[in-house]
file work39.cif (mmCIF, C-alpha atoms and all ligand atoms)
data_target
#
loop_
_atom_site.label_atom_id
_atom_site.label_comp_id
_atom_site.auth_asym_id
_atom_site.auth_seq_id
_atom_site.Cartn_x
_atom_site.Cartn_y
_atom_site.Cartn_z
CA MET A 64 104.67 79.66 118.28
CA LYS A 65 102.01 82.32 118.44
CA VAL A 66 103.42 85.59 119.80
CA LEU A 67 101.77 88.88 120.80
CA VAL A 68 103.87 92.05 121.08
CA VAL A 69 102.35 94.89 123.12
CA GLY A 70 103.04 98.50 122.03
CA SER A 71 103.03 100.74 118.98
CA GLY A 72 106.36 102.52 118.49
CA GLY A 73 109.66 102.07 116.68
CA ARG A 74 110.81 99.90 119.57
CA GLU A 75 107.91 97.52 118.97
CA HIS A 76 108.63 97.54 115.22
CA VAL A 77 112.21 96.35 115.74
CA VAL A 78 111.03 93.74 118.26
CA CYS A 79 108.44 92.44 115.75
CA TRP A 80 111.00 92.54 112.92
CA LYS A 81 113.47 90.49 114.96
CA LEU A 82 110.79 88.03 116.09
CA SER A 83 109.54 87.63 112.52
CA GLN A 84 112.96 86.15 111.65
CA GLU A 85 112.70 83.47 114.34
CA PRO A 86 111.89 80.09 112.75
CA LYS A 87 109.84 79.12 115.82
CA VAL A 88 107.49 82.09 115.46
CA THR A 89 104.68 81.06 113.15
CA GLU A 90 102.09 83.70 114.03
CA LEU A 91 102.90 87.26 115.08
CA TYR A 92 100.41 89.79 116.44
CA CYS A 93 100.87 93.32 117.78
CA ALA A 94 98.53 95.37 119.98
CA PRO A 95 97.98 98.02 118.74
CA GLY A 96 100.97 98.20 116.33
CA ASN A 97 101.42 100.84 113.63
CA GLY A 98 101.55 101.26 109.84
CA GLY A 99 104.96 99.57 109.53
CA ILE A 100 104.31 96.75 111.98
CA ALA A 101 101.17 95.92 109.96
CA SER A 102 103.39 94.57 107.17
CA ILE A 103 104.95 91.89 109.40
CA ALA A 104 102.35 91.25 112.14
CA LYS A 105 98.59 91.24 112.53
CA CYS A 106 97.71 94.49 114.29
CA VAL A 107 94.94 94.27 116.87
CA ASP A 108 92.99 97.34 117.94
CA ILE A 109 93.74 97.17 121.67
CA LYS A 110 95.77 99.91 123.36
CA ALA A 111 98.86 98.94 125.35
CA THR A 112 97.25 100.31 128.52
CA GLU A 113 94.06 98.24 128.14
CA VAL A 114 95.60 95.47 130.20
CA ASP A 115 92.43 93.52 130.94
CA LYS A 116 91.53 93.43 127.25
CA ILE A 117 95.04 92.23 126.41
CA VAL A 118 94.82 89.43 128.97
CA GLU A 119 91.40 88.41 127.63
CA PHE A 120 92.68 88.45 124.04
CA ALA A 121 95.79 86.45 124.96
CA LYS A 122 93.62 83.87 126.71
CA THR A 123 91.09 83.46 123.91
CA GLU A 124 93.72 83.38 121.18
CA LYS A 125 95.96 81.04 123.18
CA PHE A 126 99.23 82.89 122.72
CA ASP A 127 102.46 81.05 123.58
CA LEU A 128 104.22 84.29 124.48
CA VAL A 129 103.31 87.92 125.17
CA PHE A 130 106.18 90.40 124.82
CA ILE A 131 105.44 93.63 126.74
CA ALA A 132 107.56 96.48 125.38
CA PRO A 133 106.32 99.77 126.96
CA GLU A 134 106.44 100.86 130.61
CA ASP A 135 102.75 101.69 131.14
CA PRO A 136 101.30 98.17 130.85
CA LEU A 137 104.22 96.86 132.92
CA SER A 138 103.51 99.22 135.79
CA LEU A 139 99.79 98.48 135.45
CA GLY A 140 100.62 94.84 136.22
CA LEU A 141 100.12 93.22 132.82
CA ALA A 142 102.89 90.68 133.51
CA ASP A 143 101.28 89.81 136.87
CA LYS A 144 97.87 89.31 135.27
CA LEU A 145 99.25 87.13 132.48
CA GLU A 146 101.07 84.99 135.02
CA VAL A 147 97.82 84.39 136.92
CA GLU A 148 96.35 83.09 133.67
CA GLY A 149 99.38 80.89 133.03
CA ILE A 150 100.43 82.83 129.92
CA ARG A 151 104.19 83.08 129.31
CA CYS A 152 105.38 86.66 129.09
CA PHE A 153 108.49 88.78 128.69
CA GLY A 154 108.60 91.83 130.97
CA PRO A 155 108.86 92.50 134.71
CA LYS A 156 106.02 92.38 137.20
CA ALA A 157 104.66 95.67 138.56
CA ASN A 158 106.66 95.39 141.79
CA ALA A 159 109.90 95.39 139.74
CA ALA A 160 108.68 97.79 137.01
CA ILE A 161 108.46 100.33 139.85
CA ILE A 162 112.13 101.17 139.14
CA GLU A 163 110.75 103.33 136.32
CA ALA A 164 107.29 104.13 137.71
CA SER A 165 108.66 105.78 140.85
CA LYS A 166 111.87 107.79 140.86
CA ALA A 167 111.54 108.12 144.65
CA PHE A 168 111.60 104.32 144.91
CA SER A 169 114.66 104.03 142.65
CA LYS A 170 116.59 106.72 144.47
CA SER A 171 115.88 105.08 147.84
CA LEU A 172 116.93 101.69 146.46
CA MET A 173 120.20 103.14 145.17
CA LYS A 174 120.88 104.85 148.50
CA LYS A 175 120.17 101.68 150.50
CA TYR A 176 122.43 99.52 148.32
CA ASN A 177 125.20 102.10 147.69
CA ILE A 178 124.63 102.30 143.95
CA PRO A 179 126.26 105.51 142.66
CA THR A 180 123.75 108.24 141.72
CA ALA A 181 123.22 111.98 142.24
CA LYS A 182 122.59 113.11 145.85
CA TYR A 183 118.92 113.86 146.38
CA GLU A 184 115.97 114.58 148.66
CA ILE A 185 112.34 113.54 148.19
CA PHE A 186 109.40 115.86 148.95
CA ASP A 187 105.65 115.49 149.04
CA ASP A 188 105.16 118.93 150.59
CA GLU A 189 105.54 121.94 148.29
CA ALA A 190 106.52 124.44 151.02
CA LYS A 191 109.29 122.14 152.29
CA ALA A 192 110.58 121.61 148.75
CA LEU A 193 110.71 125.38 148.16
CA GLU A 194 112.48 125.93 151.47
CA TYR A 195 115.07 123.23 150.64
CA LEU A 196 115.84 124.87 147.28
CA GLU A 197 116.95 128.05 149.13
CA THR A 198 119.80 126.05 150.68
CA GLN A 199 121.08 124.39 147.50
CA PRO A 200 123.64 125.37 144.86
CA MET A 201 122.40 125.91 141.28
CA PRO A 202 121.97 124.38 138.74
CA ILE A 203 119.71 121.75 140.31
CA VAL A 204 117.46 119.01 138.93
CA ILE A 205 113.75 118.69 139.78
CA LYS A 206 111.97 115.45 138.81
CA CYS A 207 108.39 114.25 139.05
CA ASP A 208 108.24 110.99 140.95
CA GLY A 209 105.88 109.26 138.50
CA LEU A 210 105.68 108.50 134.78
CA ALA A 211 105.57 111.69 132.68
CA LEU A 212 106.59 110.49 129.19
CA GLY A 213 110.18 111.61 129.76
CA LYS A 214 109.04 115.20 130.25
CA GLY A 215 108.91 115.49 134.05
CA VAL A 216 112.54 116.52 134.50
CA ILE A 217 113.65 120.14 134.77
CA ILE A 218 117.28 121.20 134.98
CA ALA A 219 116.99 124.59 136.66
CA GLN A 220 119.85 127.04 136.20
CA THR A 221 118.56 129.59 138.73
CA LEU A 222 116.67 129.51 142.03
CA ALA A 223 113.70 131.22 140.35
CA GLU A 224 113.52 128.49 137.67
CA ALA A 225 113.84 125.78 140.29
CA LYS A 226 111.01 127.24 142.37
CA GLN A 227 108.85 127.58 139.28
CA ALA A 228 109.44 123.91 138.43
CA VAL A 229 108.37 122.84 141.94
CA LYS A 230 105.26 125.05 141.73
CA ASP A 231 104.37 123.66 138.27
CA MET A 232 104.77 120.05 139.38
CA MET A 233 103.39 120.15 142.92
CA GLY A 234 101.10 123.17 143.01
CA ASP A 235 99.65 123.29 139.50
CA GLN A 236 99.94 119.52 138.91
CA LYS A 237 101.25 120.21 135.39
CA PHE A 238 102.18 116.54 135.10
CA GLY A 239 99.10 115.27 136.93
CA SER A 240 99.61 113.00 139.91
CA ALA A 241 103.13 112.12 138.65
CA GLY A 242 104.29 115.39 140.25
CA SER A 243 102.61 115.08 143.67
CA THR A 244 105.96 113.84 144.93
CA VAL A 245 109.20 115.31 143.55
CA VAL A 246 112.83 114.32 143.69
CA ILE A 247 115.28 117.22 143.91
CA GLU A 248 118.80 116.19 143.05
CA GLU A 249 122.33 117.38 142.48
CA CYS A 250 123.11 118.26 138.85
CA MET A 251 125.73 115.87 137.51
CA VAL A 252 128.12 116.68 134.67
CA GLY A 253 129.52 114.35 132.03
CA PRO A 254 128.65 112.41 128.89
CA GLU A 255 125.55 110.21 129.05
CA LEU A 256 125.52 106.54 128.15
CA THR A 257 122.70 104.00 127.89
CA ILE A 258 123.31 100.42 128.96
CA LEU A 259 120.39 98.10 128.33
CA SER A 260 120.71 94.86 130.20
CA PHE A 261 118.82 91.57 130.05
CA SER A 262 117.95 90.38 133.56
CA ASP A 263 116.48 87.02 134.59
CA GLY A 264 116.09 87.95 138.25
CA ASN A 265 119.51 86.63 139.25
CA THR A 266 121.88 87.36 136.40
CA ALA A 267 122.15 90.53 134.33
CA VAL A 268 123.84 90.58 130.94
CA PRO A 269 124.47 93.99 129.38
CA MET A 270 123.86 94.54 125.68
CA ILE A 271 126.24 96.66 123.63
CA SER A 272 126.31 100.27 124.86
CA SER A 273 124.41 103.05 123.14
CA ARG A 274 123.93 106.80 123.17
CA ASP A 275 120.60 108.55 122.80
CA HIS A 276 120.16 112.13 121.59
CA LYS A 277 117.29 113.54 123.63
CA ARG A 278 117.00 117.19 122.56
CA VAL A 279 114.92 118.06 119.52
CA PHE A 280 117.45 120.28 117.71
CA ASP A 281 121.09 120.02 116.63
CA HIS A 282 123.83 120.93 119.12
CA ASP A 283 121.66 119.55 121.92
CA GLU A 284 119.23 122.46 121.81
CA GLY A 285 115.49 122.71 122.27
CA LEU A 286 113.09 120.62 124.31
CA ASN A 287 113.69 117.10 125.57
CA THR A 288 112.05 114.41 123.43
CA GLY A 289 111.68 110.64 123.66
CA GLY A 290 114.94 110.49 121.65
CA MET A 291 115.90 111.82 118.19
CA GLY A 292 118.46 109.19 117.29
CA ALA A 293 120.96 106.77 118.76
CA VAL A 294 124.30 105.18 118.05
CA THR A 295 126.15 102.15 119.26
CA PRO A 296 128.67 101.92 120.78
CA GLY A 297 127.65 104.79 123.03
CA ALA A 298 131.09 105.57 124.37
CA ASP A 299 134.65 104.43 124.28
CA MET A 300 134.01 101.35 126.44
CA THR A 301 137.33 100.54 128.04
CA ASP A 302 137.54 97.26 129.95
CA GLU A 303 137.87 99.25 133.16
CA LEU A 304 134.65 101.15 132.48
CA LYS A 305 132.79 97.94 131.59
CA VAL A 306 133.89 96.28 134.81
CA ARG A 307 132.98 99.31 136.93
CA ILE A 308 129.50 99.55 135.37
CA GLN A 309 128.90 95.82 135.90
CA ASN A 310 130.28 95.67 139.46
CA GLU A 311 129.14 99.02 140.81
CA ILE A 312 125.80 99.40 139.03
CA ILE A 313 124.33 96.48 137.06
CA THR A 314 124.95 93.54 139.40
CA PRO A 315 124.15 95.50 142.61
CA THR A 316 120.85 96.70 141.08
CA VAL A 317 119.70 93.20 140.13
CA GLU A 318 120.78 91.88 143.54
CA ALA A 319 119.07 94.76 145.34
CA LEU A 320 115.79 94.11 143.56
CA LYS A 321 116.05 90.41 144.35
CA ALA A 322 116.82 91.13 148.00
CA GLU A 323 113.77 93.40 148.19
CA GLY A 324 111.54 90.56 146.94
CA ARG A 325 111.16 92.19 143.52
CA PRO A 326 113.13 89.95 141.14
CA PHE A 327 113.42 91.69 137.77
CA LYS A 328 112.83 89.61 134.63
CA GLY A 329 113.09 91.56 131.43
CA VAL A 330 115.24 94.48 130.33
CA ILE A 331 116.68 97.06 132.72
CA TYR A 332 117.59 100.36 131.12
CA PHE A 333 120.49 102.03 132.88
CA GLY A 334 120.71 105.72 131.96
CA LEU A 335 124.21 106.61 133.12
CA MET A 336 126.38 109.68 133.38
CA LEU A 337 130.13 109.29 133.18
CA THR A 338 131.15 111.81 135.84
CA SER A 339 134.65 112.67 137.03
CA GLU A 340 133.94 110.40 140.03
CA GLY A 341 132.94 107.48 137.79
CA PRO A 342 129.72 106.18 136.24
CA LYS A 343 126.52 107.16 138.07
CA VAL A 344 122.87 106.29 137.48
CA VAL A 345 120.69 109.07 136.05
CA GLU A 346 117.63 106.88 135.71
CA TYR A 347 116.36 103.33 135.52
CA ASN A 348 113.71 102.23 133.05
CA CYS A 349 112.00 98.85 133.08
CA ARG A 350 112.18 98.16 129.32
CA PHE A 351 114.13 98.59 126.08
CA GLY A 352 114.98 102.24 125.30
CA ASP A 353 113.47 103.83 122.22
CA PRO A 354 115.31 104.61 119.90
CA GLU A 355 118.34 102.87 121.46
CA VAL A 356 116.97 99.39 120.84
CA GLN A 357 116.42 100.13 117.15
CA ALA A 358 120.20 100.61 116.95
CA ILE A 359 120.99 97.57 119.13
CA LEU A 360 118.68 94.70 118.20
CA PRO A 361 119.73 94.44 114.51
CA LEU A 362 123.25 93.64 115.80
CA LEU A 363 122.10 90.68 117.94
CA GLU A 364 123.52 87.46 116.46
CA THR A 365 122.20 84.99 119.02
CA SER A 366 118.59 83.92 118.44
CA PHE A 367 116.34 86.55 120.06
CA MET A 368 113.97 83.78 121.15
CA ASP A 369 116.81 81.98 122.94
CA VAL A 370 117.52 85.19 124.86
CA ILE A 371 113.82 85.67 125.68
CA ASP A 372 113.57 82.07 126.90
CA ALA A 373 116.71 82.41 129.03
CA VAL A 374 115.32 85.58 130.67
CA ILE A 375 111.95 83.99 131.43
CA ASP A 376 113.40 80.67 132.59
CA GLY A 377 116.19 82.21 134.70
CA LYS A 378 118.95 80.73 132.55
CA LEU A 379 120.88 83.77 131.35
CA ASP A 380 124.03 82.44 133.03
CA GLN A 381 123.97 79.53 130.57
CA LEU A 382 123.73 81.62 127.41
CA ASP A 383 126.60 83.30 125.57
CA ILE A 384 124.94 86.26 123.86
CA LYS A 385 126.76 87.24 120.65
CA TRP A 386 126.69 90.56 118.81
CA LYS A 387 127.87 91.56 115.33
CA ASP A 388 131.17 93.43 115.54
CA LYS A 389 129.70 96.57 113.92
CA CYS A 390 128.73 100.12 114.80
CA SER A 391 125.19 101.29 114.15
CA CYS A 392 123.11 104.44 113.94
CA VAL A 393 119.41 105.31 113.84
CA VAL A 394 118.14 108.75 112.89
CA VAL A 395 114.59 109.64 113.90
CA MET A 396 112.40 111.57 111.47
CA ALA A 397 109.72 113.47 113.40
CA SER A 398 106.67 115.59 112.63
CA GLY A 399 107.55 119.31 112.55
CA GLY A 400 106.48 120.81 115.89
CA TYR A 401 107.21 117.67 117.96
CA PRO A 402 107.53 117.39 121.00
CA GLU A 403 104.86 120.09 121.14
CA SER A 404 101.87 120.20 118.79
CA TYR A 405 102.12 118.87 115.22
CA LYS A 406 99.84 117.78 112.40
CA LYS A 407 99.20 114.19 111.34
CA GLY A 408 98.02 112.43 108.19
CA TYR A 409 100.80 113.40 105.73
CA GLU A 410 101.73 110.78 103.16
CA ILE A 411 105.25 109.38 103.55
CA SER A 412 107.28 108.43 100.49
CA GLY A 413 110.58 106.60 100.08
CA ILE A 414 110.39 104.05 102.90
CA ASP A 415 110.57 101.01 100.62
CA THR A 416 113.03 102.49 98.16
CA CYS A 417 115.58 104.18 100.48
CA GLY A 418 117.66 101.00 100.67
CA LYS A 419 117.92 101.00 104.47
CA LEU A 420 116.08 99.36 107.32
CA VAL A 421 113.29 101.66 108.48
CA PHE A 422 111.52 101.18 111.80
CA GLN A 423 108.20 102.97 111.94
CA ALA A 424 106.71 104.61 115.03
CA GLY A 425 104.01 107.25 114.48
CA THR A 426 102.63 105.94 111.20
CA ALA A 427 99.28 104.55 110.06
CA LEU A 428 97.96 102.84 106.94
CA LYS A 429 95.32 104.96 105.22
CA ASP A 430 93.78 103.86 101.90
CA GLY A 431 96.80 101.63 101.30
CA LYS A 432 99.27 104.46 101.93
CA ILE A 433 101.59 105.05 104.89
CA VAL A 434 100.83 108.40 106.56
CA THR A 435 102.24 110.24 109.58
CA ASN A 436 100.33 109.54 112.78
CA GLY A 437 102.54 110.69 115.66
CA GLY A 438 105.46 112.85 116.84
CA ARG A 439 108.33 110.50 116.20
CA VAL A 440 107.34 109.11 112.81
CA LEU A 441 110.07 106.62 111.92
CA CYS A 442 113.76 105.95 112.20
CA VAL A 443 116.31 104.92 109.61
CA TYR A 444 118.98 102.37 110.53
CA ASP A 445 122.38 101.57 109.16
CA GLU A 446 125.48 99.78 110.36
CA GLY A 447 129.13 99.87 109.40
CA ASP A 448 132.65 98.95 110.40
CA THR A 449 133.06 102.45 111.78
CA LEU A 450 130.58 104.79 113.42
CA ASP A 451 131.09 107.29 110.58
CA GLU A 452 130.03 104.68 108.03
CA ALA A 453 126.92 103.82 110.05
CA ILE A 454 125.98 107.49 110.49
CA ASP A 455 126.54 108.37 106.82
CA GLY A 456 124.50 105.33 105.77
CA ALA A 457 121.56 106.22 108.00
CA TYR A 458 121.53 109.80 106.67
CA GLU A 459 121.65 108.54 103.06
CA GLY A 460 118.38 106.75 103.84
CA VAL A 461 116.87 109.77 105.60
CA LYS A 462 117.48 111.95 102.53
CA LYS A 463 115.42 109.58 100.39
CA ILE A 464 112.37 109.65 102.66
CA SER A 465 110.00 112.57 102.67
CA PHE A 466 106.78 113.85 104.18
CA GLN A 467 105.47 117.35 104.80
CA ASP A 468 107.11 119.22 107.72
CA ALA A 469 109.57 116.37 108.38
CA HIS A 470 112.17 117.25 111.00
CA TYR A 471 115.35 115.41 111.93
CA ARG A 472 118.61 116.25 113.61
CA THR A 473 121.65 116.40 111.36
CA ASP A 474 124.23 115.64 114.07
CA ILE A 475 123.22 112.23 115.43
CA GLY A 476 126.34 110.40 116.58
CA ARG A 477 128.48 113.49 116.03
CA THR A 478 127.84 115.17 119.41
CA LEU A 479 127.60 113.91 122.95
CA GLY A 480 123.97 114.95 123.59
P1 LIG B 1 115.56 111.24 133.32
O1 LIG B 1 114.14 111.21 132.84
O2 LIG B 1 115.71 111.07 134.77
O3 LIG B 1 116.46 110.38 132.50
O4 LIG B 1 116.10 112.68 132.94
C1 LIG B 1 116.08 113.16 131.62
C2 LIG B 1 117.40 113.81 131.28
O5 LIG B 1 117.66 114.87 132.19
C3 LIG B 1 118.60 112.89 131.40
O6 LIG B 1 118.82 112.16 130.24
C4 LIG B 1 119.71 113.87 131.66
O7 LIG B 1 120.14 114.47 130.44
C5 LIG B 1 119.06 114.93 132.48
N1 LIG B 1 119.26 114.69 133.92
C6 LIG B 1 118.48 113.96 134.75
N2 LIG B 1 118.99 113.93 135.99
C7 LIG B 1 120.12 114.64 135.96
C8 LIG B 1 121.10 114.99 136.95
N3 LIG B 1 121.00 114.62 138.23
N4 LIG B 1 122.13 115.74 136.55
C9 LIG B 1 122.26 116.16 135.28
N5 LIG B 1 121.37 115.88 134.30
C10 LIG B 1 120.31 115.13 134.64
N1 LIG B 2 115.36 106.95 124.77
C1 LIG B 2 114.98 107.10 126.11
C2 LIG B 2 114.02 106.14 126.62
O1 LIG B 2 113.65 105.18 125.97
O2 LIG B 2 113.58 106.30 127.76
#

call {"tool": "encode", "arguments": {"input": "work39.cif", "output": "structure tokens"}}
result
Amino acid sequence: MKVLVVGSGGREHVVCWKLSQEPKVTELYCAPGNGGIASIAKCVDIKATEVDKIVEFAKTEKFDLVFIAPEDPLSLGLADKLEVEGIRCFGPKANAAIIEASKAFSKSLMKKYNIPTAKYEIFDDEAKALEYLETQPMPIVIKCDGLALGKGVIIAQTLAEAKQAVKDMMGDQKFGSAGSTVVIEECMVGPELTILSFSDGNTAVPMISSRDHKRVFDHDEGLNTGGMGAVTPGADMTDELKVRIQNEIITPTVEALKAEGRPFKGVIYFGLMLTSEGPKVVEYNCRFGDPEVQAILPLLETSFMDVIDAVIDGKLDQLDIKWKDKCSCVVVMASGGYPESYKKGYEISGIDTCGKLVFQAGTALKDGKIVTNGGRVLCVYDEGDTLDEAIDGAYEGVKKISFQDAHYRTDIGRTLG
């Protein structure tokens, strides 16, 4: 089988790594890939958002499967375009990927189908949004409707901060057109949990749970990032909690999308908060979480290709997906300054000799050497019988890798945020 993976981060590295172990996969390509992916797949210089170029490339090269990992090409309709050309692909069509592309859509879907989430209102008029804020208790959460690289969410502690957030998003268009519409919602309290779930349009099968650490500094301080590390399991998953999440959130979401004529084939990311009233949805994404999936996929025992086939062919109900009975941890090493400005091009040493699995994200090959080329540079993985073992193992690896201005959190898996 000839397979093309679309994307360039740590998530795409773990997907390529897993696919490279599949006996059926004889040729593996990645567009555009990164310095680490280049050692296991042929990297092609096409950006993930250049959907027409990807379709053309997939047609000429006669790929048997295209695996779309990031949200942008999905919401730009890459899966739809590949289907028109008769090319098999993993990832939802644009009308289902909208669960991530529009928070207003997701919130309305949850309201219509009674899926638990924070109470909210949607505004496309700045004056009305500002007026509404006057009537609400603080803290409050202001979100851009559209895709904003995980940055379009402000948790405002005071009315002044809340008003400023609305002005930044709607008036000054700080997040471009993503902020023309905003969602203003109740601030929920509780530990967060990520549940990634395979969905074939009818059946949804959750993977093992995970927990992401979004803030850039220890003790959950500093700016929000794409994620500084993750562990699995993400919480003490009692049977009662599992059943509630499946019956109140996962199944109703997949059924709601189907009922709306938007069957979802791919991975649904459920960002949840475990509130005193029970689990509630914070956000949906239309893809694997990064770095959550780097902690999850190495534990998959069932053939990844069998899972992919079951998702595409609508046969998830016939597959018993098995996981290693282990805990795991990934620690992200980032460029100093991330998520704001940072320098690139620093040589990285220790990746091959640290003795752990390393999934690369913002790296490039330059004159035969791996150099930094992005904010989140790489993540180090380890697993163990206990979470402590997995965490200690991942940090052992981190200590053996170095590059100038490297930054990482020292408390991944040890705190709730
Ligand atoms: P989102 O992009 O919607 O996942 O939001 C990013 C982060 O903001 C989440 O991971 C939460 O930590 C926080 N957040 C979002 N919505 C809420 C909410 N309604 N209440 C409390 N925290 C929230
Ligand atoms: N780690 C958060 C995300 O992938 O959206």

call {"tool": "residues_around", "arguments": {"input": "work39.cif", "residues": "A:Ala101", "least_positions_apart": "4", "cutoff": "10 Å", "atoms": "only C-alpha atoms", "output": "MDAnalysis selection string"}}
result
chainID A and resid 76 79 92:93 95:97 105:107 427:428

call {"tool": "closest_residue", "arguments": {"input": "work39.cif", "among": "A:Gly209, A:Gly334, A:Gly292, A:Gly234", "to": "ligand LIG 1 (chain B)", "atoms": "all atoms listed in the file"}}
result
A:Gly334

call {"tool": "closest_residue", "arguments": {"input": "work39.cif", "among": "A:Ile359, A:Met233, A:Val440, A:Glu249", "to": "A:Ser272", "atoms": "all atoms listed in the file"}}
result
A:Ile359

call {"tool": "closest_residue", "arguments": {"input": "work39.cif", "among": "A:Thr244, A:Met396, A:Gly290, A:Pro202", "to": "A:Ala225", "atoms": "only C-alpha atoms"}}
result
A:Pro202

call {"tool": "atom_distance", "arguments": {"input": "work39.cif", "atom1": "atom CA of A:Ala219", "atom2": "atom CA of A:Gly437"}}
result
29.0 Å

call {"tool": "residues_around", "arguments": {"input": "work39.cif", "residues": "A:Leu222", "least_positions_apart": "2", "cutoff": "9 Å", "atoms": "all atoms listed in the file", "output": "compact mmCIF listing (two decimals) with C-alpha atoms, in the frame of the given file"}}
result
# COMPACT_ATOMS: atom_id res chain seq x y z
CA LEU A 196 115.84 124.87 147.28
CA GLU A 197 116.95 128.05 149.13
CA GLN A 199 121.08 124.39 147.50
CA PRO A 200 123.64 125.37 144.86
CA MET A 201 122.40 125.91 141.28
CA PRO A 202 121.97 124.38 138.74
CA ILE A 203 119.71 121.75 140.31
CA ALA A 219 116.99 124.59 136.66
CA GLN A 220 119.85 127.04 136.20
CA GLU A 224 113.52 128.49 137.67
CA ALA A 225 113.84 125.78 140.29
CA LYS A 226 111.01 127.24 142.37
CA GLN A 227 108.85 127.58 139.28

call {"tool": "closest_residue", "arguments": {"input": "work39.cif", "among": "A:Leu256, A:Ile161, A:Ile178, A:Leu337", "to": "A:Pro315", "atoms": "all atoms listed in the file"}}
result
A:Ile178

call {"tool": "residues_around", "arguments": {"input": "work39.cif", "residues": "A:Glu459", "least_positions_apart": "3", "cutoff": "12 Å", "atoms": "all atoms listed in the file", "output": "list in words"}}
result
Cys392, Val393, Val394, Gly413, Thr416, Cys417, Gly418, Lys419, Leu420, Val443, Tyr444, Asp445, Glu452, Ala453, Ile454, Asp455, Gly456, Lys462, Lys463, Ile464 and Thr473 of chain A

call {"tool": "axis_aligned_box", "arguments": {"input": "work39.cif", "around": "ligand LIG 1 (chain B)", "padding_each_side": "8 Å", "output": "lines of an AutoDock Vina configuration file"}}
result
center_x = 118.2
center_y = 113.3
center_z = 134.2
size_x = 24.1
size_y = 21.8
size_z = 24.0

call {"tool": "residues_around", "arguments": {"input": "work39.cif", "residues": "A:Asp451", "least_positions_apart": "6", "cutoff": "9 Å", "atoms": "all atoms listed in the file", "output": "list in words"}}
result
Cys390, Gly476 and Arg477 of chain A

call {"tool": "atom_distance", "arguments": {"input": "work39.cif", "atom1": "atom CA of A:Gly73", "atom2": "atom CA of A:Ile103"}}
result
13.4 Å

call {"tool": "closest_residue", "arguments": {"input": "work39.cif", "among": "A:Glu248, A:Asp281, A:Asp380, A:Glu446", "to": "ligand LIG 1 (chain B)", "atoms": "all atoms listed in the file"}}
result
A:Glu248

call {"tool": "residues_near_ligand", "arguments": {"input": "work39.cif", "ligand": "ligand LIG 2 (chain B)", "cutoff": "8 Å", "atoms": "all atoms listed in the file", "output": "tab-separated table (two decimals) with C-alpha atoms, keeping the file's coordinate frame"}}
result
chain	number	residue	atom	x	y	z
A	213	GLY	CA	110.18	111.61	129.76
A	275	ASP	CA	120.60	108.55	122.80
A	276	HIS	CA	120.16	112.13	121.59
A	277	LYS	CA	117.29	113.54	123.63
A	289	GLY	CA	111.68	110.64	123.66
A	290	GLY	CA	114.94	110.49	121.65
A	332	TYR	CA	117.59	100.36	131.12
A	348	ASN	CA	113.71	102.23	133.05
A	350	ARG	CA	112.18	98.16	129.32
A	351	PHE	CA	114.13	98.59	126.08
A	352	GLY	CA	114.98	102.24	125.30
A	353	ASP	CA	113.47	103.83	122.22
A	354	PRO	CA	115.31	104.61	119.90
A	355	GLU	CA	118.34	102.87	121.46
